[in-house]
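> Next comes the structure file run-v8.cif, holding mmCIF, C-alpha atoms.
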```cif
data_coords
loop_
_atom_site.label_atom_id
_atom_site.label_comp_id
_atom_site.auth_asym_id
_atom_site.auth_seq_id
_atom_site.Cartn_x
_atom_site.Cartn_y
_atom_site.Cartn_z
CA MET M 1 0.20 -30.22 -93.97
CA ALA M 2 -1.05 -33.64 -95.04
CA SER M 3 0.73 -36.50 -93.36
CA PHE M 4 2.53 -39.04 -95.54
CA GLN M 5 0.91 -42.49 -95.57
CA PRO M 6 3.18 -45.34 -96.71
CA SER M 7 1.72 -47.39 -99.53
CA SER M 8 1.03 -51.09 -99.26
CA ARG M 9 3.89 -51.71 -101.67
CA SER M 10 6.37 -49.86 -99.45
CA ARG M 11 5.12 -51.71 -96.39
CA GLY M 12 5.54 -54.99 -98.26
CA SER M 13 9.10 -54.09 -99.27
CA GLN M 14 9.93 -53.19 -95.67
CA LYS M 15 8.56 -56.52 -94.50
CA ALA M 16 10.57 -58.39 -97.14
CA SER M 17 13.69 -56.44 -96.19
CA GLY M 18 13.19 -57.31 -92.53
CA ARG M 19 12.77 -60.99 -93.37
CA LYS M 20 15.92 -60.88 -95.52
CA ASN M 21 17.92 -59.31 -92.72
CA GLU M 22 16.64 -61.94 -90.29
CA ASN M 23 17.69 -64.73 -92.67
CA ASN M 24 21.11 -63.14 -93.07
CA ARG M 25 21.49 -63.20 -89.30
CA ILE M 26 20.26 -66.79 -88.77
CA TYR M 27 22.14 -68.30 -91.73
CA ALA M 28 25.26 -66.14 -91.47
CA ASN M 29 27.67 -69.10 -91.20
CA PRO M 30 28.14 -71.21 -94.36
CA LEU M 31 29.56 -74.20 -92.45
CA PRO M 32 29.02 -75.74 -88.98
CA VAL M 33 32.62 -74.94 -88.05
CA VAL M 34 32.90 -71.24 -87.17
CA PHE M 35 36.13 -69.22 -87.10
CA LEU M 36 35.65 -66.52 -84.50
CA GLU M 37 36.77 -62.98 -85.19
CA GLU M 38 38.98 -60.99 -82.83
CA SER M 39 36.00 -59.27 -81.17
CA ASP M 40 34.08 -62.54 -80.69
CA ARG M 41 36.89 -64.55 -79.13
CA PRO M 42 36.68 -65.51 -75.46
CA PRO M 43 39.12 -63.83 -73.05
CA PRO M 44 42.62 -65.30 -73.45
CA ALA M 45 43.86 -67.79 -70.88
CA ILE M 46 46.98 -67.22 -68.78
CA TRP M 47 49.13 -69.44 -70.98
CA GLN M 48 47.95 -67.56 -74.07
CA LYS M 49 48.94 -64.24 -72.46
CA ALA M 50 52.35 -65.68 -71.63
CA LEU M 51 52.86 -66.79 -75.23
CA GLY M 52 51.84 -63.32 -76.38
CA LEU M 53 54.59 -61.75 -74.22
CA LEU M 54 57.10 -64.03 -75.93
CA GLY M 55 55.89 -62.95 -79.36
CA VAL M 56 54.05 -66.22 -80.07
CA HIS M 57 50.41 -65.59 -80.95
CA PRO M 58 47.89 -68.40 -80.49
CA LEU M 59 46.13 -69.88 -83.47
CA THR M 60 42.71 -68.77 -84.67
CA HIS M 61 39.94 -69.81 -82.30
CA VAL M 62 37.67 -72.40 -83.96
CA LEU M 63 34.17 -73.16 -82.69
CA ASN M 64 33.35 -76.79 -83.49
CA PRO M 65 29.81 -77.98 -82.53
CA HIS M 66 30.75 -81.73 -82.44
CA CYS M 67 27.32 -83.04 -83.47
CA GLU M 68 26.23 -86.67 -83.17
CA GLY M 69 24.08 -88.92 -85.34
CA PHE M 70 23.10 -92.59 -85.63
CA PHE M 71 23.83 -94.58 -88.77
CA ASP M 72 20.77 -96.28 -90.28
CA ALA M 73 21.67 -98.89 -92.88
CA ALA M 74 18.06 -99.48 -93.99
CA THR M 75 17.58 -95.89 -95.20
CA ARG M 76 21.26 -95.32 -96.07
CA SER M 77 21.35 -92.20 -93.95
CA VAL M 78 22.51 -90.76 -90.63
CA TRP M 79 19.85 -89.63 -88.14
CA VAL M 80 20.57 -86.59 -85.97
CA THR M 81 18.02 -86.90 -83.16
CA ASP M 82 19.27 -84.07 -80.97
CA MET M 83 17.37 -81.05 -82.32
CA ARG M 84 20.03 -78.66 -81.06
CA HIS M 85 22.56 -80.41 -83.29
CA ALA M 86 20.01 -80.70 -86.09
CA MET M 87 19.36 -76.96 -86.18
CA ILE M 88 23.09 -76.20 -86.12
CA LEU M 89 23.67 -78.41 -89.18
CA TRP M 90 20.67 -76.91 -90.99
CA GLN M 91 21.32 -73.26 -90.18
CA ARG M 92 25.06 -73.55 -90.90
CA GLY M 93 25.19 -74.92 -94.41
CA PHE M 94 21.71 -76.44 -94.94
CA PHE M 95 22.84 -80.02 -94.33
CA GLY M 96 20.17 -82.75 -94.31
CA LYS M 97 16.39 -82.42 -94.09
CA GLY M 98 13.67 -83.09 -91.54
CA ASP M 99 12.23 -86.56 -92.02
CA LEU M 100 8.70 -85.16 -91.48
CA SER M 101 9.27 -81.89 -93.38
CA ARG M 102 10.15 -80.75 -96.88
CA SER M 103 13.48 -79.28 -95.87
CA GLU M 104 13.97 -77.47 -92.55
CA PRO M 105 12.85 -79.56 -89.52
CA SER M 106 9.56 -77.76 -88.78
CA TRP M 107 7.23 -80.56 -87.64
CA LEU M 108 7.07 -79.27 -84.06
CA ALA M 109 6.28 -75.72 -85.22
CA ARG M 110 3.47 -77.04 -87.43
CA GLN M 111 1.98 -79.00 -84.55
CA ILE M 112 2.06 -75.94 -82.30
CA ASN M 113 0.40 -73.86 -85.02
CA ALA M 114 -2.28 -76.50 -85.52
CA ARG M 115 -2.97 -76.61 -81.80
CA LYS M 116 -3.34 -72.84 -81.53
CA GLN M 117 -5.12 -72.58 -84.89
CA ALA M 118 -2.70 -69.84 -85.81
CA ARG M 119 -3.50 -67.49 -88.67
CA THR M 120 0.00 -66.03 -88.85
CA GLY M 121 3.46 -67.41 -88.61
CA LEU M 122 2.72 -70.38 -90.87
CA THR M 123 5.49 -72.75 -91.82
CA SER M 124 6.50 -73.23 -95.44
CA GLU M 125 4.56 -76.51 -95.72
CA GLU M 126 1.38 -74.88 -94.39
CA VAL M 127 1.74 -71.89 -96.71
CA THR M 128 2.12 -74.22 -99.71
CA ALA M 129 -0.88 -76.34 -98.69
CA LYS M 130 -3.03 -73.24 -98.19
CA ARG M 131 -2.01 -71.77 -101.54
CA ARG M 132 -2.76 -75.02 -103.36
CA ALA M 133 -6.17 -75.33 -101.70
CA GLU M 134 -7.04 -71.74 -102.64
CA ARG M 135 -5.92 -72.31 -106.23
CA LYS M 136 -8.10 -75.40 -106.45
CA GLN M 137 -11.08 -73.52 -105.01
CA PHE M 138 -10.54 -70.66 -107.50
CA LYS M 139 -10.62 -73.06 -110.44
CA LEU M 140 -13.87 -74.60 -109.17
CA ASP M 141 -15.49 -71.18 -108.71
CA ARG M 142 -14.34 -70.06 -112.14
CA ALA M 143 -15.71 -73.22 -113.77
CA ARG M 144 -19.09 -72.72 -112.06
CA ALA M 145 -19.22 -69.07 -113.12
CA MET M 146 -18.34 -69.92 -116.73
CA ALA M 147 -21.01 -72.63 -116.88
CA ALA M 148 -23.62 -70.30 -115.38
CA ALA M 149 -22.70 -67.45 -117.76
CA ALA M 150 -22.87 -69.76 -120.77
CA ALA M 151 -26.27 -71.08 -119.71
CA GLU M 152 -27.58 -67.54 -119.22
CA ALA M 153 -26.27 -66.44 -122.63
CA GLU M 154 -27.93 -69.39 -124.35
CA ALA M 155 -31.22 -68.64 -122.58
CA LYS M 156 -31.12 -64.95 -123.62
CA PHE M 157 -30.38 -65.90 -127.21
CA ALA M 158 -33.24 -68.41 -127.28
CA GLU M 159 -35.75 -66.01 -125.69
CA GLU M 160 -34.79 -62.61 -127.10
CA GLY M 161 -32.50 -63.49 -129.98
CA ARG M 162 -29.65 -61.29 -128.76
CA ILE M 163 -26.11 -62.10 -127.78
CA ILE M 164 -24.86 -61.05 -124.34
CA SER M 165 -21.36 -61.04 -122.91
CA THR M 166 -20.31 -64.06 -120.93
CA MET M 167 -17.50 -62.10 -119.26
CA TYR M 168 -19.27 -58.99 -117.91
CA ALA M 169 -22.78 -58.37 -116.63
CA GLU M 170 -25.03 -55.56 -117.95
CA ASP M 171 -23.96 -53.25 -115.11
CA GLY M 172 -20.29 -53.75 -116.00
CA THR M 173 -19.36 -56.08 -113.16
CA ARG M 174 -17.21 -59.07 -113.91
CA ILE M 175 -18.99 -62.44 -114.10
CA ILE M 176 -15.98 -64.71 -114.49
CA PRO M 177 -13.70 -64.27 -111.44
CA SER M 178 -10.13 -63.12 -111.98
CA ALA M 179 -7.17 -64.69 -110.20
CA ALA M 180 -5.94 -61.22 -109.20
CA THR M 181 -9.17 -60.17 -107.44
CA TRP M 182 -10.77 -63.48 -106.45
CA LYS M 183 -11.47 -64.14 -102.79
CA PRO M 184 -12.87 -67.41 -101.40
CA SER M 185 -16.59 -67.16 -100.75
CA GLN M 186 -16.49 -70.17 -98.43
CA PRO M 187 -13.86 -71.77 -96.20
CA VAL M 188 -11.16 -73.35 -98.31
CA GLU M 189 -11.02 -77.10 -98.02
CA GLY M 190 -8.04 -78.16 -95.96
CA SER M 191 -7.99 -75.08 -93.70
CA THR M 192 -9.02 -75.38 -90.07
CA GLN M 193 -12.31 -73.63 -89.28
CA VAL M 194 -14.13 -73.93 -85.95
CA SER M 195 -17.73 -72.79 -85.47
CA PRO M 196 -18.63 -70.70 -82.38
CA SER M 197 -20.79 -73.48 -80.95
CA ASP M 198 -17.99 -76.00 -81.27
CA ALA M 199 -15.50 -73.52 -79.84
CA GLU M 200 -17.56 -73.06 -76.67
CA GLY M 201 -17.63 -76.77 -76.02
CA LYS M 202 -13.91 -77.19 -76.69
CA ASP M 203 -12.51 -74.33 -74.63
CA ASP M 204 -11.79 -76.54 -71.65
CA ASP M 205 -10.25 -79.26 -73.83
CA ASP M 206 -8.02 -76.77 -75.63
CA GLU M 207 -6.76 -75.37 -72.35
CA ASP M 208 -5.95 -78.87 -71.16
CA ASP M 209 -4.17 -79.67 -74.44
CA GLU M 210 -2.06 -76.54 -74.26
CA ASP M 211 -0.73 -77.63 -70.89
CA VAL M 212 0.59 -80.89 -72.36
CA PRO M 213 3.93 -80.32 -74.16
CA ILE M 214 4.28 -81.79 -77.62
CA GLU M 215 7.05 -84.33 -77.98
CA ASN M 216 9.20 -83.66 -81.02
CA VAL M 217 9.43 -86.95 -82.92
CA GLU M 218 11.26 -85.50 -85.92
CA HIS M 219 14.93 -85.96 -86.67
CA LEU M 220 17.37 -84.54 -89.22
CA GLN M 221 18.23 -87.03 -91.93
CA LEU M 222 21.67 -86.75 -93.54
CA THR M 223 22.55 -88.55 -96.73
CA LEU M 224 25.73 -90.59 -96.68
CA PRO M 225 27.71 -88.05 -98.77
CA GLU M 226 26.58 -85.23 -96.46
CA ALA M 227 27.51 -87.19 -93.34
CA PHE M 228 30.92 -88.19 -94.68
CA PHE M 229 31.67 -84.61 -95.75
CA LEU M 230 30.90 -83.39 -92.22
CA LEU M 231 32.93 -86.03 -90.40
CA TRP M 232 35.89 -86.36 -92.78
CA ASN M 233 36.41 -82.80 -94.00
CA LEU M 234 35.09 -80.72 -91.10
CA ASP M 235 35.42 -83.18 -88.19
CA CYS M 236 32.19 -81.81 -86.70
CA LEU M 237 30.08 -85.00 -86.75
CA SER M 238 30.37 -88.28 -84.85
CA VAL M 239 28.48 -91.27 -86.25
CA LEU M 240 27.23 -93.68 -83.59
CA ASP M 241 26.47 -97.38 -83.85
CA PRO M 242 22.67 -97.75 -83.45
CA GLU M 243 23.07 -101.01 -81.52
CA THR M 244 25.78 -100.07 -79.02
CA GLY M 245 25.64 -96.26 -79.07
CA ASN M 246 29.43 -96.09 -79.38
CA ALA M 247 31.14 -93.75 -81.80
CA LEU M 248 32.42 -95.43 -84.95
CA THR M 249 35.96 -94.91 -86.17
CA LEU M 250 36.66 -93.42 -89.59
CA GLY M 251 37.67 -96.86 -90.88
CA GLN M 252 34.41 -98.44 -89.66
CA ILE M 253 32.36 -95.61 -91.19
CA TRP M 254 34.25 -95.95 -94.47
CA CYS M 255 33.33 -99.64 -94.62
CA ALA M 256 29.74 -99.19 -93.38
CA PHE M 257 28.87 -96.52 -95.96
CA GLN M 258 30.16 -98.72 -98.80
CA ASN M 259 28.42 -101.82 -97.45
CA ALA M 260 25.13 -99.90 -97.28
CA HIS M 261 24.88 -100.23 -101.09
CA VAL M 262 25.64 -103.96 -101.07
CA PRO M 263 22.52 -106.19 -100.83
CA SER M 264 22.45 -107.84 -97.42
CA PRO M 265 19.76 -109.67 -95.42
CA SER M 266 20.91 -107.91 -92.25
CA LEU M 267 19.90 -104.35 -91.36
CA SER M 268 22.83 -103.92 -88.98
CA PRO M 269 25.73 -101.82 -90.31
CA GLY M 270 28.53 -103.82 -91.87
CA LEU M 271 31.70 -102.54 -90.21
CA THR M 272 34.08 -104.94 -91.97
CA PRO M 273 35.70 -104.15 -95.33
CA PRO M 274 33.46 -104.93 -98.35
CA GLU M 275 33.87 -108.40 -99.80
CA HIS M 276 34.26 -106.91 -103.28
CA LYS M 277 36.06 -103.58 -103.35
CA ARG M 278 34.87 -101.61 -106.35
CA PHE M 279 35.61 -98.12 -107.63
CA ASP M 280 32.02 -97.90 -108.92
CA ASN M 281 30.43 -98.30 -105.48
CA PRO M 282 27.43 -95.89 -105.56
CA PHE M 283 28.57 -94.21 -102.34
CA LEU M 284 31.98 -93.39 -103.81
CA VAL M 285 30.58 -92.09 -107.10
CA ASN M 286 27.98 -89.87 -105.40
CA TYR M 287 30.44 -88.56 -102.84
CA VAL M 288 32.95 -87.56 -105.50
CA ALA M 289 30.36 -85.28 -107.13
CA TYR M 290 29.04 -83.99 -103.80
CA HIS M 291 32.52 -83.15 -102.52
CA HIS M 292 33.44 -81.51 -105.83
CA TYR M 293 30.60 -78.97 -105.70
CA ARG M 294 30.64 -78.45 -101.92
CA SER M 295 34.34 -77.66 -102.01
CA LEU M 296 33.61 -74.99 -104.65
CA GLY M 297 31.23 -73.23 -102.24
CA TRP M 298 27.86 -74.45 -103.52
CA VAL M 299 25.06 -75.67 -101.27
CA VAL M 300 24.25 -79.14 -102.64
CA LYS M 301 20.78 -80.61 -102.11
CA ASN M 302 18.90 -83.61 -103.49
CA GLY M 303 17.26 -82.95 -106.86
CA ILE M 304 14.82 -85.84 -107.22
CA LYS M 305 11.92 -83.35 -107.45
CA PHE M 306 13.26 -82.20 -110.83
CA CYS M 307 14.44 -85.63 -112.07
CA VAL M 308 18.11 -84.84 -111.37
CA ASP M 309 20.66 -85.99 -108.81
CA TYR M 310 21.66 -82.69 -107.20
CA LEU M 311 20.61 -79.04 -107.08
CA LEU M 312 23.16 -76.28 -106.58
CA TYR M 313 22.25 -73.22 -104.49
CA LYS M 314 24.47 -70.16 -104.29
CA ARG M 315 23.63 -69.50 -100.60
CA GLY M 316 20.80 -71.83 -99.62
CA PRO M 317 17.12 -72.66 -100.16
CA VAL M 318 15.86 -69.81 -97.94
CA PHE M 319 17.60 -67.13 -100.04
CA ALA M 320 16.92 -68.08 -103.66
CA HIS M 321 16.01 -70.99 -105.90
CA ALA M 322 18.67 -73.37 -107.16
CA GLU M 323 20.53 -72.14 -110.23
CA PHE M 324 21.86 -75.44 -111.56
CA ALA M 325 20.51 -78.99 -111.84
CA ILE M 326 23.15 -81.75 -111.87
CA VAL M 327 22.75 -85.15 -113.55
CA LEU M 328 25.51 -87.61 -112.61
CA CYS M 329 26.83 -89.63 -115.54
CA PRO M 330 29.34 -92.27 -114.41
CA VAL M 331 31.94 -93.08 -117.06
CA TYR M 332 34.04 -96.24 -116.84
CA GLU M 333 37.66 -95.78 -117.82
CA ASP M 334 37.73 -99.48 -118.64
CA PRO M 335 34.51 -100.89 -120.24
CA ALA M 336 35.38 -104.31 -118.82
CA ASP M 337 34.76 -102.98 -115.31
CA GLN M 338 31.20 -102.09 -116.26
CA GLU M 339 30.50 -105.58 -117.57
CA SER M 340 31.77 -107.25 -114.38
CA SER M 341 30.20 -104.74 -111.97
CA PRO M 342 27.57 -105.94 -109.46
CA PHE M 343 26.18 -102.38 -109.32
CA LYS M 344 23.74 -101.07 -111.89
CA LEU M 345 24.58 -97.38 -111.92
CA HIS M 346 22.15 -94.95 -113.54
CA ASN M 347 23.04 -92.97 -116.67
CA THR M 348 25.97 -95.17 -117.67
CA THR M 349 24.39 -95.63 -121.11
CA PRO M 350 23.77 -92.71 -123.49
CA PHE M 351 20.56 -90.71 -123.06
CA SER M 352 17.84 -90.93 -125.66
CA TRP M 353 17.13 -87.58 -127.32
CA SER M 354 13.53 -87.60 -126.14
CA TRP M 355 14.54 -88.17 -122.51
CA LEU M 356 17.28 -85.54 -122.62
CA SER M 357 14.89 -83.01 -124.18
CA THR M 358 12.26 -83.78 -121.53
CA LEU M 359 14.78 -83.43 -118.71
CA ASN M 360 16.12 -80.18 -120.12
CA ARG M 361 12.67 -78.65 -120.62
CA VAL M 362 11.53 -79.54 -117.09
CA ASN M 363 14.49 -77.68 -115.59
CA ALA M 364 14.35 -74.81 -118.09
CA GLN M 365 10.75 -74.12 -117.07
CA VAL M 366 11.87 -73.60 -113.46
CA GLN M 367 14.82 -71.37 -114.43
CA LYS M 368 17.53 -73.97 -113.84
CA THR M 369 20.50 -74.73 -116.05
CA LEU M 370 20.96 -78.43 -116.71
CA ILE M 371 24.50 -79.76 -116.26
CA LEU M 372 25.68 -83.25 -117.15
CA SER M 373 28.41 -84.11 -114.65
CA TYR M 374 30.64 -86.93 -115.91
CA VAL M 375 32.41 -88.79 -113.09
CA THR M 376 35.27 -90.90 -114.45
CA ILE M 377 35.66 -94.20 -112.62
CA PRO M 378 39.31 -95.35 -112.57
CA ALA M 379 40.16 -98.66 -114.19
CA ARG M 380 40.95 -101.57 -111.89
CA SER M 381 43.69 -102.62 -114.29
CA ARG M 382 45.45 -99.29 -113.69
CA VAL M 383 44.76 -98.66 -109.99
CA SER M 384 45.00 -101.39 -107.37
CA ASP M 385 41.93 -102.22 -105.29
CA ASP M 386 44.03 -101.74 -102.16
CA VAL M 387 43.67 -97.99 -102.67
CA LEU M 388 39.99 -98.36 -101.74
CA GLY M 389 40.96 -98.98 -98.12
CA SER M 390 40.93 -95.25 -97.36
CA PRO M 391 39.48 -91.96 -98.72
CA ALA M 392 42.77 -91.43 -100.54
CA CYS M 393 41.14 -93.24 -103.46
CA PHE M 394 39.22 -90.06 -104.33
CA ASN M 395 42.39 -88.66 -105.92
CA HIS M 396 41.92 -91.11 -108.81
CA TYR M 397 38.45 -89.83 -109.79
CA SER M 398 37.78 -86.86 -112.03
CA VAL M 399 34.70 -84.71 -112.75
CA ARG M 400 33.85 -82.98 -116.04
CA GLU M 401 30.77 -80.86 -116.72
CA VAL M 402 28.76 -80.22 -119.87
CA VAL M 403 26.12 -77.46 -119.85
CA VAL M 404 22.92 -78.24 -121.78
CA ARG M 405 20.71 -75.39 -122.98
CA ARG M 406 17.53 -75.32 -125.04
CA PHE M 407 17.78 -73.67 -128.43
CA ILE M 408 14.80 -71.38 -129.08
CA PRO M 409 15.13 -69.90 -132.61
CA ALA M 410 12.72 -67.02 -131.99
CA ARG M 411 14.72 -65.78 -128.99
CA MET M 412 18.29 -66.61 -129.96
CA ARG M 413 18.66 -65.06 -133.42
CA ASP M 414 21.02 -62.41 -132.05
#
```
Can you turn what I pasted into structure tokens?

Amino acid sequence: MASFQPSSRSRGSQKASGRKNENNRIYANPLPVVFLEESDRPPPAIWQKALGLLGVHPLTHVLNPHCEGFFDAATRSVWVTDMRHAMILWQRGFFGKGDLSRSEPSWLARQINARKQARTGLTSEEVTAKRRAERKQFKLDRARAMAAAAAEAEAKFAEEGRIISTMYAEDGTRIIPSAATWKPSQPVEGSTQVSPSDAEGKDDDDEDDEDVPIENVEHLQLTLPEAFFLLWNLDCLSVLDPETGNALTLGQIWCAFQNAHVPSPSLSPGLTPPEHKRFDNPFLVNYVAYHHYRSLGWVVKNGIKFCVDYLLYKRGPVFAHAEFAIVLCPVYEDPADQESSPFKLHNTTPFSWSWLSTLNRVNAQVQKTLILSYVTIPARSRVSDDVLGSPACFNHYSVREVVVRRFIPARMRD
């Protein structure tokens, strides 16, 4: 009986399934705060057993990581330098990004791969760089083949007066390379290649380098809305003063995050209340939208790559691409507040049709639905500025969404 040999497609599906299961295990928790199930709880203490005998059951056990980060006024962000805390915030909700990486803090892994000249286990940045280099090399090879085939066809026509194919040779082989079957004939530019002679002379140096540990100089960078969501809603983040190293109170953080958007010659965080309390402070407007979508269960990430403010992921970047692209459109309840405002907020004036069409087409090409999110800024004549002394002021904001879709007559007749 012939033995069954699994096809390459089935092996690929098994590999993808294994990677999906691994991601489900690593990113199982949607938030840094974890509520332990009955089987995962630690053994009850004596006082908990005593309460159980009296019919009083203890509350649900909550696992809070209590992460720490330093406030940086120059970059308007919070730096989480402890990589243990950084990975907790990334793997439990995809908060922040590595300052030396595209998303997940992977600088140390890339350095280790570069040192070992690894061929497998590449990080996402290395995979993207390799794919772009190969695509560039394919275009160069294809251009050379097309030029050579055209020159040969012209020579045959001039000598023999007959027309030959510029796509296939006389024996039926393909002249112009195809993207599906092309393989690099030479090392792709940007990839690390070491000749045998160089390798012999560098063996001792490589062994010495491997003995020296690589210091991880990367940190997780949280935006101000992300940091405030973690410390105010989840109470799992402490923001430290970069000068003293002491933990800031909620009132000091509330003032510092607003002062970060006020022009100041000093780079030290302003811990005193802002001189001019405004409902249109950029931190407040951005946080209202961030909190709105995070509280609805979406993973909210920066969308500057697609000319928008935020991207909404159903589970996270490692599972699927973002489904929605959010453009914040602040709307003043009182036009007089806009005229007297020291802040120049984006998108407060109507879009031009050309810009809106461009923005919509960019996101439609990457399978994202464009949403205009209108954040209504309360009027100072209606709400007192004293409300801005605490996060209770968020109750006076409102968010409305408008979905924008491209109309394609050939596809939407039905």
> Find the distance between CA of Ala260 (chain M) and CA of Asp99 (chain M) and write it in Å to one decimal.
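A separation of 19.3 Å between them.
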> Evaluate the PyMOL selection byres ((chain M and resi 377-390) around 12) on the structure here and hand back the selected residues as a PyMOL selection string.
chain M and resi 232+250-255+258+272-282+284-286+288-289+329-338+340-341+345+348+374-376+391-400
> Using all atoms listed in the file, find the one residue out of M:Val78, M:Glu152, M:Pro342, M:Val404 that sits nearest to Phe228 (chain M).
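Answer, going by the shortest atom-to-atom distance: M:Val78.
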> CA of Arg405 (chain M) and CA of Trp353 (chain M), how far apart in Å?
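So the two atoms, CA of Trp353 (chain M) and CA of Arg405 (chain M), lie 13.4 Å apart.
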> Find the distance between CA of Cys67 (chain M) and CA of Thr244 (chain M) and write it in Å to one decimal.
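Spanning CA of Cys67 (chain M) to CA of Thr244 (chain M) is a straight-line distance of 17.7 Å.
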> Counting only C-alpha atoms, which of M:Leu224, M:Val402, M:Leu372, M:Leu271 gets nearest to Asp241 (chain M)?
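Smallest distance to Asp241 (chain M) is found for M:Leu271.
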